[in-house]
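This is run.csv (CSV, C-alpha atoms).
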```csv
chain,number,residue,atom,x,y,z
A,1,MET,CA,75.3,82.1,113.4
A,2,PRO,CA,77.3,83.2,116.4
A,3,HIS,CA,79.5,80.1,116.5
A,4,THR,CA,80.9,77.9,113.8
A,5,LYS,CA,80.3,74.2,114.4
A,6,ILE,CA,83.6,72.6,115.3
A,7,ASN,CA,84.3,69.2,113.9
A,8,LYS,CA,86.0,67.2,116.6
A,9,THR,CA,85.5,63.8,115.1
A,10,PRO,CA,88.9,61.9,115.4
A,11,ALA,CA,90.7,60.9,112.2
A,12,TYR,CA,90.2,57.3,111.0
A,13,TRP,CA,91.0,55.3,107.8
A,14,SER,CA,88.5,53.6,105.6
A,15,ARG,CA,88.3,52.7,101.9
A,16,GLN,CA,85.0,54.5,101.5
A,17,ALA,CA,86.6,58.0,101.3
A,18,ILE,CA,89.4,57.2,98.8
A,19,LEU,CA,87.2,57.7,95.7
A,20,PRO,CA,85.5,60.8,97.0
A,21,GLY,CA,88.9,62.2,97.8
A,22,ILE,CA,90.1,61.6,94.3
A,23,VAL,CA,87.0,63.1,92.8
A,24,ALA,CA,87.4,66.2,95.0
A,25,ILE,CA,90.9,66.9,93.5
A,26,GLY,CA,89.7,66.0,90.0
A,27,PRO,CA,89.1,69.7,89.0
A,28,MET,CA,92.7,70.4,89.8
A,29,LEU,CA,94.2,67.7,87.5
A,30,PRO,CA,93.9,69.4,84.1
A,31,GLY,CA,95.4,72.6,85.6
A,32,THR,CA,98.1,70.7,87.4
A,33,LEU,CA,98.9,68.9,84.1
A,34,ALA,CA,99.1,72.2,82.3
A,35,PHE,CA,101.2,73.8,85.0
A,36,GLY,CA,103.6,70.8,85.0
A,37,MET,CA,103.9,70.9,81.2
A,38,ALA,CA,104.7,74.6,81.3
A,39,PHE,CA,107.3,73.8,83.9
A,40,GLY,CA,108.8,71.0,81.8
A,41,ALA,CA,109.1,73.4,78.9
A,42,LEU,CA,110.8,76.0,81.0
A,43,CYS,CA,113.3,73.4,82.3
A,44,ALA,CA,114.1,72.4,78.7
A,45,GLN,CA,114.8,76.0,77.8
A,46,LYS,CA,117.1,76.3,80.9
A,47,HIS,CA,119.1,73.2,79.8
A,48,PHE,CA,118.1,70.8,82.5
A,49,SER,CA,118.2,67.1,81.6
A,50,LEU,CA,114.9,65.3,81.7
A,51,ALA,CA,116.2,63.0,84.5
A,52,GLU,CA,117.1,66.1,86.5
A,53,VAL,CA,113.6,67.5,86.0
A,54,GLN,CA,112.1,64.2,87.2
A,55,VAL,CA,114.2,64.2,90.3
A,56,MET,CA,113.0,67.8,91.1
A,57,MET,CA,109.4,66.9,90.4
A,58,ALA,CA,109.6,63.9,92.8
A,59,THR,CA,111.5,65.5,95.7
A,60,VAL,CA,110.8,69.2,95.9
A,61,TYR,CA,107.1,68.8,94.9
A,62,GLY,CA,106.1,72.4,95.1
A,63,GLY,CA,105.0,73.7,91.7
A,64,LEU,CA,105.2,77.4,92.3
A,65,SER,CA,108.5,77.2,94.1
A,66,GLN,CA,110.0,75.0,91.3
A,67,PHE,CA,108.8,77.6,88.7
A,68,VAL,CA,110.3,80.5,90.7
A,69,ALA,CA,113.6,78.7,91.4
A,70,VAL,CA,114.2,77.5,87.8
A,71,GLN,CA,113.3,81.0,86.4
A,72,SER,CA,116.0,82.5,88.5
A,73,TRP,CA,118.4,79.5,88.3
A,74,PRO,CA,122.0,80.8,88.4
A,75,ASP,CA,124.5,80.0,85.6
A,76,HIS,CA,127.0,78.6,88.2
A,77,LEU,CA,125.9,77.0,91.4
A,78,THR,CA,128.0,78.1,94.4
A,79,PRO,CA,127.2,77.7,98.1
A,80,SER,CA,125.9,81.2,98.2
A,81,SER,CA,123.7,80.8,95.1
A,82,ILE,CA,122.3,77.5,96.5
A,83,ALA,CA,121.6,79.4,99.7
A,84,THR,CA,119.7,82.0,97.7
A,85,LEU,CA,117.7,79.3,96.0
A,86,ALA,CA,116.9,77.7,99.4
A,87,LEU,CA,115.7,81.1,100.7
A,88,LEU,CA,113.6,81.6,97.6
A,89,THR,CA,112.0,78.1,98.0
A,90,LEU,CA,111.4,78.8,101.7
A,91,THR,CA,109.6,82.1,101.0
A,92,VAL,CA,107.3,80.4,98.5
A,93,ASN,CA,106.7,77.2,100.5
A,94,ILE,CA,106.5,78.3,104.1
A,95,ARG,CA,102.7,78.6,103.5
A,96,PHE,CA,102.8,74.7,103.7
A,97,MET,CA,103.7,75.2,107.4
A,98,LEU,CA,100.4,77.1,108.0
A,99,MET,CA,98.5,74.4,106.0
A,100,SER,CA,99.9,71.4,108.0
A,101,ALA,CA,99.3,73.4,111.2
A,102,THR,CA,95.6,73.5,110.4
A,103,LEU,CA,95.6,69.7,109.8
A,104,ARG,CA,96.8,69.0,113.4
A,105,PRO,CA,93.3,69.2,115.0
A,106,TRP,CA,92.2,66.5,112.6
A,107,PHE,CA,95.2,64.3,112.2
A,108,GLY,CA,96.5,64.7,115.7
A,109,THR,CA,94.7,61.6,117.0
A,110,LEU,CA,96.6,59.4,114.5
A,111,PRO,CA,100.0,57.9,115.5
A,112,PRO,CA,102.9,60.0,114.3
A,113,TRP,CA,104.2,57.4,111.8
A,114,GLN,CA,100.9,57.8,110.0
A,115,ALA,CA,100.4,61.6,110.4
A,116,TYR,CA,103.8,62.9,109.4
A,117,PRO,CA,104.1,61.0,106.1
A,118,ALA,CA,100.6,62.3,105.2
A,119,MET,CA,101.9,65.9,105.8
A,120,LEU,CA,104.4,65.3,102.9
A,121,LEU,CA,101.4,65.4,100.6
A,122,VAL,CA,100.4,68.9,101.6
A,123,THR,CA,99.7,71.0,98.5
A,124,ASP,CA,97.4,74.0,97.9
A,125,GLY,CA,94.8,72.0,96.1
A,126,GLY,CA,94.9,68.9,98.2
A,127,TRP,CA,94.8,70.9,101.4
A,128,LEU,CA,92.0,73.1,100.3
A,129,ALA,CA,89.9,70.1,99.3
A,130,ALA,CA,90.6,68.4,102.6
A,131,MET,CA,89.6,71.5,104.6
A,132,ARG,CA,86.4,71.7,102.8
A,133,TYR,CA,85.7,68.0,103.4
A,134,ARG,CA,86.5,68.6,107.1
A,135,ASP,CA,84.2,71.6,107.2
A,136,HIS,CA,81.4,69.4,106.1
A,137,GLY,CA,82.0,67.0,108.9
A,138,GLY,CA,84.4,64.6,107.3
A,139,ALA,CA,87.1,62.8,109.4
A,140,ASP,CA,88.3,60.0,107.1
A,141,ALA,CA,92.1,60.5,106.5
A,142,SER,CA,91.9,58.4,103.4
A,143,PHE,CA,90.0,61.2,101.7
A,144,TYR,CA,93.0,63.5,102.0
A,145,VAL,CA,95.7,60.9,101.4
A,146,GLY,CA,93.9,59.3,98.4
A,147,GLY,CA,93.5,62.6,96.7
A,148,GLY,CA,97.0,63.6,97.6
A,149,ILE,CA,98.7,60.5,96.2
A,150,VAL,CA,96.8,60.9,92.8
A,151,LEU,CA,97.8,64.6,92.7
A,152,TYR,CA,101.4,63.6,93.4
A,153,PHE,CA,101.6,61.2,90.5
A,154,VAL,CA,99.9,63.5,88.1
A,155,TRP,CA,102.3,66.2,88.9
A,156,LEU,CA,105.3,63.7,88.8
A,157,PHE,CA,104.6,62.9,85.1
A,158,SER,CA,103.2,66.2,84.0
A,159,ALA,CA,106.5,67.8,83.1
A,160,ILE,CA,107.5,65.1,80.6
A,161,PRO,CA,105.2,66.1,77.7
A,162,GLY,CA,106.1,69.8,78.3
A,163,PHE,CA,109.8,69.0,78.3
A,164,LEU,CA,109.6,67.1,75.0
A,165,LEU,CA,107.3,69.7,73.4
A,166,ALA,CA,109.3,72.7,74.6
A,167,GLU,CA,109.5,74.4,71.2
A,168,GLN,CA,105.7,74.4,70.9
A,169,LEU,CA,105.3,75.7,74.5
A,170,THR,CA,107.7,78.6,74.5
A,171,ASP,CA,104.9,81.0,75.6
A,172,PRO,CA,102.6,79.1,78.1
A,173,ARG,CA,100.8,82.4,78.8
A,174,LYS,CA,99.3,82.1,75.3
A,175,TYR,CA,97.3,79.2,76.7
A,176,GLY,CA,96.4,80.9,79.9
A,177,VAL,CA,98.5,78.5,82.0
A,178,ASP,CA,99.5,81.3,84.4
A,179,LEU,CA,95.8,81.4,85.3
A,180,VAL,CA,95.6,77.8,86.6
A,181,MET,CA,96.5,78.7,90.2
A,182,PRO,CA,94.7,82.1,90.5
A,183,ALA,CA,91.5,80.7,88.9
A,184,PHE,CA,91.6,77.6,91.2
A,185,TYR,CA,92.2,79.8,94.2
A,186,ALA,CA,89.3,82.1,93.2
A,187,ALA,CA,87.0,79.1,92.8
A,188,MET,CA,87.9,77.9,96.3
A,189,LEU,CA,87.3,81.3,97.8
A,190,VAL,CA,83.6,81.4,96.8
A,191,PRO,CA,82.4,78.5,98.9
A,192,ALA,CA,84.6,79.7,101.8
A,193,TRP,CA,82.5,82.9,102.0
A,194,LYS,CA,80.6,82.9,105.2
A,195,GLY,CA,79.4,86.5,105.5
A,196,PRO,CA,81.3,89.8,105.6
A,197,ARG,CA,82.4,89.4,109.2
A,198,ARG,CA,84.3,86.2,108.4
A,199,ALA,CA,85.9,88.0,105.4
A,200,ILE,CA,87.6,90.7,107.5
A,201,PRO,CA,90.8,88.6,107.8
A,202,TRP,CA,90.8,88.2,104.1
A,203,VAL,CA,90.8,91.9,103.6
A,204,VAL,CA,93.6,92.3,106.2
A,205,SER,CA,95.5,89.5,104.4
A,206,GLY,CA,95.1,91.1,101.0
A,207,VAL,CA,96.1,94.6,102.1
A,208,VAL,CA,99.2,93.3,103.9
A,209,ALA,CA,100.2,91.0,101.0
A,210,LEU,CA,99.9,93.9,98.5
A,211,LEU,CA,102.0,96.2,100.8
A,212,VAL,CA,104.7,93.6,101.4
A,213,HIS,CA,104.7,92.7,97.7
A,214,TYR,CA,105.5,96.3,96.8
A,215,ALA,CA,107.9,96.9,99.7
A,216,LEU,CA,110.0,93.7,99.7
A,217,PRO,CA,111.4,91.7,96.7
A,218,GLY,CA,110.6,88.0,96.4
A,219,TRP,CA,107.7,86.1,97.8
A,220,TRP,CA,107.4,87.1,101.4
A,221,PHE,CA,104.0,88.6,100.7
A,222,ILE,CA,102.3,85.2,100.9
A,223,ILE,CA,103.3,84.3,104.4
A,224,ALA,CA,103.0,88.0,105.6
A,225,GLY,CA,99.5,88.3,104.3
A,226,ALA,CA,98.3,84.9,105.5
A,227,LEU,CA,99.7,85.4,109.0
A,228,SER,CA,98.2,88.9,109.3
A,229,GLY,CA,94.8,87.5,108.3
A,230,ALA,CA,95.0,84.7,110.8
A,231,ILE,CA,96.2,87.0,113.6
A,232,SER,CA,93.4,89.5,112.9
A,233,ALA,CA,90.9,86.7,113.2
A,234,GLY,CA,92.5,85.7,116.5
A,235,LEU,CA,92.2,89.3,117.8
A,236,MET,CA,88.5,89.6,116.8
A,237,ASP,CA,86.0,88.7,119.5
A,238,GLU,CA,83.6,85.9,119.1
A,239,PRO,CA,80.5,87.5,117.6
A,240,VAL,CA,78.0,88.2,120.4
A,241,PRO,CA,74.2,87.8,119.6
A,242,PRO,CA,72.5,91.2,120.2
A,243,ALA,CA,70.9,91.5,123.6
A,244,PRO,CA,67.1,91.5,123.5
A,245,ALA,CA,67.0,94.7,125.6
A,246,GLU,CA,69.1,96.6,123.1
A,247,VAL,CA,67.0,95.5,120.2
A,248,ALA,CA,63.9,96.7,122.0
A,249,ALA,CA,65.4,100.1,122.9
B,1,MET,CA,125.7,68.8,76.3
B,2,ASN,CA,123.8,67.9,79.5
B,3,GLU,CA,125.1,65.4,81.9
B,4,PHE,CA,122.5,63.0,83.1
B,5,LEU,CA,122.4,64.2,86.7
B,6,ARG,CA,124.8,67.0,87.5
B,7,SER,CA,126.0,66.7,91.1
B,8,ASP,CA,125.8,70.4,91.9
B,9,VAL,CA,122.2,70.5,90.6
B,10,MET,CA,121.4,67.5,92.8
B,11,ILE,CA,122.8,69.3,95.9
B,12,ALA,CA,120.6,72.4,95.1
B,13,PHE,CA,117.6,70.1,94.7
B,14,ALA,CA,118.4,68.4,98.0
B,15,VAL,CA,118.6,71.7,99.9
B,16,MET,CA,115.3,72.9,98.3
B,17,THR,CA,113.7,69.6,99.3
B,18,ALA,CA,114.9,69.9,102.8
B,19,VAL,CA,113.4,73.4,103.2
B,20,THR,CA,110.1,72.3,101.7
B,21,VAL,CA,109.8,69.1,103.8
B,22,ALA,CA,110.6,71.1,106.9
B,23,SER,CA,107.8,73.5,106.0
B,24,ARG,CA,105.3,70.7,105.4
B,25,LEU,CA,106.2,68.8,108.7
B,26,GLY,CA,107.0,71.9,110.8
B,27,GLY,CA,103.6,73.4,111.1
B,28,TYR,CA,102.0,70.1,112.1
B,29,TRP,CA,104.8,69.5,114.6
B,30,LEU,CA,104.6,73.0,116.1
B,31,MET,CA,100.9,72.7,116.6
B,32,GLY,CA,101.5,69.8,118.9
B,33,TYR,CA,102.7,72.3,121.4
B,34,VAL,CA,99.8,74.8,121.0
B,35,ASN,CA,96.6,74.5,122.9
B,36,VAL,CA,93.7,74.9,120.5
B,37,THR,CA,91.8,77.6,122.4
B,38,PRO,CA,88.8,79.3,120.7
B,39,ARG,CA,91.2,82.1,119.7
B,40,VAL,CA,93.6,79.6,118.0
B,41,ARG,CA,90.6,77.9,116.4
B,42,ARG,CA,89.5,81.2,114.9
B,43,MET,CA,93.1,81.8,113.6
B,44,LEU,CA,93.2,78.3,112.0
B,45,ASP,CA,89.7,78.8,110.5
B,46,ALA,CA,90.8,82.1,108.9
B,47,LEU,CA,93.9,80.6,107.3
B,48,PRO,CA,92.5,79.0,104.1
B,49,GLY,CA,90.9,82.2,102.9
B,50,SER,CA,93.8,84.3,104.1
B,51,ILE,CA,96.4,82.2,102.2
B,52,ILE,CA,94.3,82.3,99.1
B,53,VAL,CA,93.9,86.0,99.1
B,54,ALA,CA,97.6,86.6,100.1
B,55,ALA,CA,98.9,84.4,97.3
B,56,ALA,CA,96.5,85.4,94.5
B,57,LEU,CA,95.8,89.1,95.0
B,58,PRO,CA,99.3,90.5,94.3
B,59,VAL,CA,99.6,88.1,91.3
B,60,ALA,CA,96.3,89.4,90.0
B,61,VAL,CA,97.1,93.0,90.5
B,62,ASN,CA,100.5,92.5,88.8
B,63,GLY,CA,99.0,90.6,86.0
B,64,GLY,CA,97.0,93.5,84.8
B,65,ALA,CA,93.5,93.7,83.3
B,66,VAL,CA,93.5,90.4,81.5
B,67,VAL,CA,94.5,88.4,84.6
B,68,MET,CA,92.0,90.2,86.8
B,69,PHE,CA,89.2,89.8,84.3
B,70,ALA,CA,90.0,86.1,83.9
B,71,ILE,CA,89.9,85.7,87.7
B,72,LEU,CA,86.6,87.5,88.0
B,73,ALA,CA,85.2,85.3,85.2
B,74,ALA,CA,86.4,82.2,87.2
B,75,MET,CA,84.7,83.5,90.3
B,76,ALA,CA,81.4,84.3,88.5
B,77,VAL,CA,81.3,80.8,87.0
B,78,THR,CA,81.9,79.4,90.5
B,79,ILE,CA,79.0,81.4,92.0
B,80,ILE,CA,76.7,80.2,89.2
B,81,ARG,CA,77.8,76.6,88.8
B,82,ARG,CA,79.9,75.7,91.9
B,83,ASN,CA,82.2,73.7,89.7
B,84,ASP,CA,86.0,74.1,90.3
B,85,PHE,CA,86.8,72.4,87.0
B,86,ILE,CA,84.7,74.7,84.9
B,87,ALA,CA,86.1,77.7,86.8
B,88,VAL,CA,89.7,76.9,86.1
B,89,ILE,CA,89.0,76.2,82.4
B,90,THR,CA,87.1,79.4,82.2
B,91,GLY,CA,89.9,81.4,83.7
B,92,MET,CA,92.4,79.9,81.3
B,93,ALA,CA,90.2,80.3,78.3
B,94,VAL,CA,89.3,83.9,79.0
B,95,ALA,CA,93.0,84.8,79.4
B,96,ALA,CA,94.0,82.9,76.3
B,97,ALA,CA,91.2,84.4,74.3
B,98,ALA,CA,92.0,87.9,75.5
B,99,ARG,CA,95.7,87.5,74.6
B,100,ALA,CA,94.9,86.0,71.2
B,101,ALA,CA,92.6,89.0,70.6
B,102,GLY,CA,95.7,91.2,71.2
B,103,PHE,CA,95.1,92.4,74.8
B,104,GLY,CA,98.4,92.6,76.6
B,105,GLY,CA,99.0,91.4,80.2
```

Now, as a test, write the supplied structure out as structure tokens.
Amino acid sequence: MPHTKINKTPAYWSRQAILPGIVAIGPMLPGTLAFGMAFGALCAQKHFSLAEVQVMMATVYGGLSQFVAVQSWPDHLTPSSIATLALLTLTVNIRFMLMSATLRPWFGTLPPWQAYPAMLLVTDGGWLAAMRYRDHGGADASFYVGGGIVLYFVWLFSAIPGFLLAEQLTDPRKYGVDLVMPAFYAAMLVPAWKGPRRAIPWVVSGVVALLVHYALPGWWFIIAGALSGAISAGLMDEPVPPAPAEVAA
Amino acid sequence: MNEFLRSDVMIAFAVMTAVTVASRLGGYWLMGYVNVTPRVRRMLDALPGSIIVAAALPVAVNGGAVVMFAILAAMAVTIIRRNDFIAVITGMAVAAAARAAGFGG
């Protein structure tokens, strides 16, 4: 397999892919719900009002970044503490930039007024499901947008039960909620395996992420590792099929 | 004691939203100025796996034996069944059971 097949089918919209798109993100829904509930419980402990929690769920829409921000929420908001929160959010969410970049070859044929709103739905799960669909030859934008909208609304309301049940959910780790994201990631990594050569960037990414994690405070390790992995893939040559003469010798 | 919507909290949320929206739109926008050569294509292709590893590996190493074991269990289930849902539930259940049995981490 010297070359991966490149899917160049331009994006289009049809109703047929809406349901498959929703089915594809289905496995994420229980985990998203559990994660949102744990977040709601955390917000209740940090004395946010339910209305405030809902505003955050609807606008920021980045589960991990919300968790990290609320965990380190300052007692008094000042311009400098808000700037710190913004930087923290950026370090966690800048990976969305890489994700929306990979959607350009697919969505680039759509008019901007359709493509840019769709990018607002970029999440780890929705994006991974869309990339897998694209890998298998898909081009219907409804697949990604349909799943993305369902994921958005599940997330939007997931914090409410957690907020109301905060006393029962003081330790979400007891229920393994902290495993939702890593377990889902691990499950997505298995079908992405296309031989050891294609996994070299993963190793680079993992090593760099671990080094940065120990060297720098915060969440820079995600973007540092991901970029290193992508750059190493760019530096690698296209695999060349072995020349018959060499094989004979 | 809580006000309904505190204005300083709303400002903080607005700033966090701006940063996140810029990230979501920025990558797509920037790629409009990049020629998708085979090299760029290889970089884009390597991104999903690289992001997954970069985001999950330090968390797994930090989480200790229970988290690593739960992640391995989730991967094993995926290899056998190819079902994301069962994988996530397995990961959560293994961690919850290990912690209930008194293992730390």

Out of B:Ile51, B:Ala100, B:Gly91, B:Ala12, which residue has the shortest atom-to-atom distance to B:Thr78 when counting all atoms listed in the file?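 Nearest candidate to B:Thr78 out of B:Ile51, B:Ala100, B:Gly91, B:Ala12: B:Gly91.
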
Compute the distance from (78.5, 78.8, 94.6) to each atom, counting all atoms listed in the file, keep the residues with any atom at most 10 Å away, and return them as a list in words; use the coordinates of the file.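 Here the neighbourhood of the point contains Ala187, Met188, Leu189, Val190, Pro191, Ala192 and Trp193 of chain A; Met75, Ala76, Val77, Thr78, Ile79, Ile80, Arg81, Arg82, Asn83 and Asp84 of chain B.
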
Do you have, as a Markdown table, the list of residues of chain A lying at most 7 Å from chain B, each with its nearest atom pair and that distance in Å to one decimal, counting all atoms listed in the file and ordered by chain then number?
```
| residue | atom | partner | partner_atom | distance |
| --- | --- | --- | --- | --- |
| A:Pro27 | CA | B:Phe85 | CA | 4.1 |
| A:Met28 | CA | B:Phe85 | CA | 6.8 |
| A:Ser49 | CA | B:Asn2 | CA | 6.0 |
| A:Ala51 | CA | B:Phe4 | CA | 6.5 |
| A:Glu52 | CA | B:Leu5 | CA | 5.6 |
| A:Met56 | CA | B:Phe13 | CA | 6.3 |
| A:Thr59 | CA | B:Thr17 | CA | 5.9 |
| A:Val60 | CA | B:Thr17 | CA | 4.5 |
| A:Leu77 | CA | B:Asp8 | CA | 6.6 |
| A:Ile82 | CA | B:Ala12 | CA | 5.6 |
| A:Ala86 | CA | B:Met16 | CA | 5.2 |
| A:Thr89 | CA | B:Met16 | CA | 6.2 |
| A:Leu90 | CA | B:Val19 | CA | 6.0 |
| A:Asn93 | CA | B:Thr20 | CA | 6.1 |
| A:Ile94 | CA | B:Ser23 | CA | 5.3 |
| A:Phe96 | CA | B:Arg24 | CA | 5.0 |
| A:Met97 | CA | B:Gly27 | CA | 4.1 |
| A:Leu98 | CA | B:Gly27 | CA | 5.8 |
| A:Ser100 | CA | B:Tyr28 | CA | 4.8 |
| A:Ala101 | CA | B:Gly27 | CA | 4.3 |
| A:Thr102 | CA | B:Leu44 | CA | 5.6 |
| A:Leu103 | CA | B:Tyr28 | CA | 6.8 |
| A:Arg104 | CA | B:Tyr28 | CA | 5.5 |
| A:Tyr116 | CA | B:Leu25 | CA | 6.4 |
| A:Met119 | CA | B:Arg24 | CA | 5.9 |
| A:Leu120 | CA | B:Arg24 | CA | 6.0 |
| A:Val122 | CA | B:Arg24 | CA | 6.5 |
| A:Lys174 | CA | B:Ala96 | CA | 5.5 |
| A:Tyr175 | CA | B:Ala96 | CA | 5.0 |
| A:Gly176 | CA | B:Met92 | CA | 4.4 |
| A:Val177 | CA | B:Met92 | CA | 6.3 |
| A:Leu179 | CA | B:Met92 | CA | 5.5 |
| A:Val180 | CA | B:Val88 | CA | 6.0 |
| A:Pro182 | CA | B:Ala56 | CA | 5.5 |
| A:Ala183 | CA | B:Val88 | CA | 5.1 |
| A:Phe184 | CA | B:Val88 | CA | 5.5 |
| A:Tyr185 | CA | B:Ile52 | CA | 5.9 |
| A:Ala186 | CA | B:Met75 | CA | 5.6 |
| A:Ala187 | CA | B:Met75 | CA | 5.6 |
| A:Leu189 | CA | B:Gly49 | CA | 6.3 |
| A:Val190 | CA | B:Ile79 | CA | 6.6 |
| A:Ala192 | CA | B:Gly49 | CA | 6.9 |
| A:Pro201 | CA | B:Ser50 | CA | 6.4 |
| A:Trp202 | CA | B:Ser50 | CA | 4.9 |
| A:Ser205 | CA | B:Ser50 | CA | 5.5 |
| A:Gly206 | CA | B:Ala54 | CA | 5.2 |
| A:Ala209 | CA | B:Ala54 | CA | 5.2 |
| A:Leu210 | CA | B:Pro58 | CA | 5.4 |
| A:His213 | CA | B:Pro58 | CA | 6.7 |
| A:Phe221 | CA | B:Ala54 | CA | 6.7 |
| A:Ile222 | CA | B:Ala54 | CA | 5.0 |
| A:Gly225 | CA | B:Ala54 | CA | 4.9 |
| A:Ala226 | CA | B:Ile51 | CA | 4.7 |
| A:Gly229 | CA | B:Ser50 | CA | 5.4 |
| A:Ala230 | CA | B:Met43 | CA | 4.5 |
| A:Ile231 | CA | B:Met43 | CA | 6.1 |
| A:Ala233 | CA | B:Met43 | CA | 5.4 |
| A:Gly234 | CA | B:Met43 | CA | 4.9 |
```

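Taking atom CA of A:Val68 as the reference point, atom CA of A:Gly36 is found at 13.1 Å.
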
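Among A:Ser14, A:Thr32, A:Thr91, A:Gln71, the residue with the shortest atom-to-atom distance to A:Gly125, counting all atoms listed in the file, is A:Thr32.
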
Using all atoms listed in the file for the distances, tell me which of A:Ile6, A:Leu29, A:Ile160, A:Ala83 is nearest to A:Gly148.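 Of all the options, A:Leu29 lies closest to A:Gly148.
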
Report as a PyMOL selection string all protein, DNA and RNA residues lying within 12 Å of A:Trp155, evaluated on all atoms listed in the file, omitting residues in the same chain fewer than 2 positions from it. chain A and resi 28-40+53-54+56-63+66+121+123+125+148-153+157-162

Resulting file, chosen residues, C-alpha atoms, as a PDB file, in the frame of the given file:
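Output file again-v2.pdb follows:
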```
ATOM      1  CA  MET A  28      92.700  70.400  89.800  1.00  0.00           C
ATOM      2  CA  LEU A  29      94.200  67.700  87.500  1.00  0.00           C
ATOM      3  CA  PRO A  30      93.900  69.400  84.100  1.00  0.00           C
ATOM      4  CA  GLY A  31      95.400  72.600  85.600  1.00  0.00           C
ATOM      5  CA  THR A  32      98.100  70.700  87.400  1.00  0.00           C
ATOM      6  CA  LEU A  33      98.900  68.900  84.100  1.00  0.00           C
ATOM      7  CA  ALA A  34      99.100  72.200  82.300  1.00  0.00           C
ATOM      8  CA  PHE A  35     101.200  73.800  85.000  1.00  0.00           C
ATOM      9  CA  GLY A  36     103.600  70.800  85.000  1.00  0.00           C
ATOM     10  CA  MET A  37     103.900  70.900  81.200  1.00  0.00           C
ATOM     11  CA  ALA A  38     104.700  74.600  81.300  1.00  0.00           C
ATOM     12  CA  PHE A  39     107.300  73.800  83.900  1.00  0.00           C
ATOM     13  CA  GLY A  40     108.800  71.000  81.800  1.00  0.00           C
ATOM     14  CA  VAL A  53     113.600  67.500  86.000  1.00  0.00           C
ATOM     15  CA  GLN A  54     112.100  64.200  87.200  1.00  0.00           C
ATOM     16  CA  MET A  56     113.000  67.800  91.100  1.00  0.00           C
ATOM     17  CA  MET A  57     109.400  66.900  90.400  1.00  0.00           C
ATOM     18  CA  ALA A  58     109.600  63.900  92.800  1.00  0.00           C
ATOM     19  CA  THR A  59     111.500  65.500  95.700  1.00  0.00           C
ATOM     20  CA  VAL A  60     110.800  69.200  95.900  1.00  0.00           C
ATOM     21  CA  TYR A  61     107.100  68.800  94.900  1.00  0.00           C
ATOM     22  CA  GLY A  62     106.100  72.400  95.100  1.00  0.00           C
ATOM     23  CA  GLY A  63     105.000  73.700  91.700  1.00  0.00           C
ATOM     24  CA  GLN A  66     110.000  75.000  91.300  1.00  0.00           C
ATOM     25  CA  LEU A 121     101.400  65.400 100.600  1.00  0.00           C
ATOM     26  CA  THR A 123      99.700  71.000  98.500  1.00  0.00           C
ATOM     27  CA  GLY A 125      94.800  72.000  96.100  1.00  0.00           C
ATOM     28  CA  GLY A 148      97.000  63.600  97.600  1.00  0.00           C
ATOM     29  CA  ILE A 149      98.700  60.500  96.200  1.00  0.00           C
ATOM     30  CA  VAL A 150      96.800  60.900  92.800  1.00  0.00           C
ATOM     31  CA  LEU A 151      97.800  64.600  92.700  1.00  0.00           C
ATOM     32  CA  TYR A 152     101.400  63.600  93.400  1.00  0.00           C
ATOM     33  CA  PHE A 153     101.600  61.200  90.500  1.00  0.00           C
ATOM     34  CA  PHE A 157     104.600  62.900  85.100  1.00  0.00           C
ATOM     35  CA  SER A 158     103.200  66.200  84.000  1.00  0.00           C
ATOM     36  CA  ALA A 159     106.500  67.800  83.100  1.00  0.00           C
ATOM     37  CA  ILE A 160     107.500  65.100  80.600  1.00  0.00           C
ATOM     38  CA  PRO A 161     105.200  66.100  77.700  1.00  0.00           C
ATOM     39  CA  GLY A 162     106.100  69.800  78.300  1.00  0.00           C
TER      40      GLY A 162
END
```

Pairwise distance, atom CA of A:Trp106 with atom CA of A:Val208, equals 29.0 Å

Option closest in space to A:Arg15, from A:Asp178, A:Asp140, A:Asp237, A:Asp124 [counting all atoms listed in the file]: A:Asp140
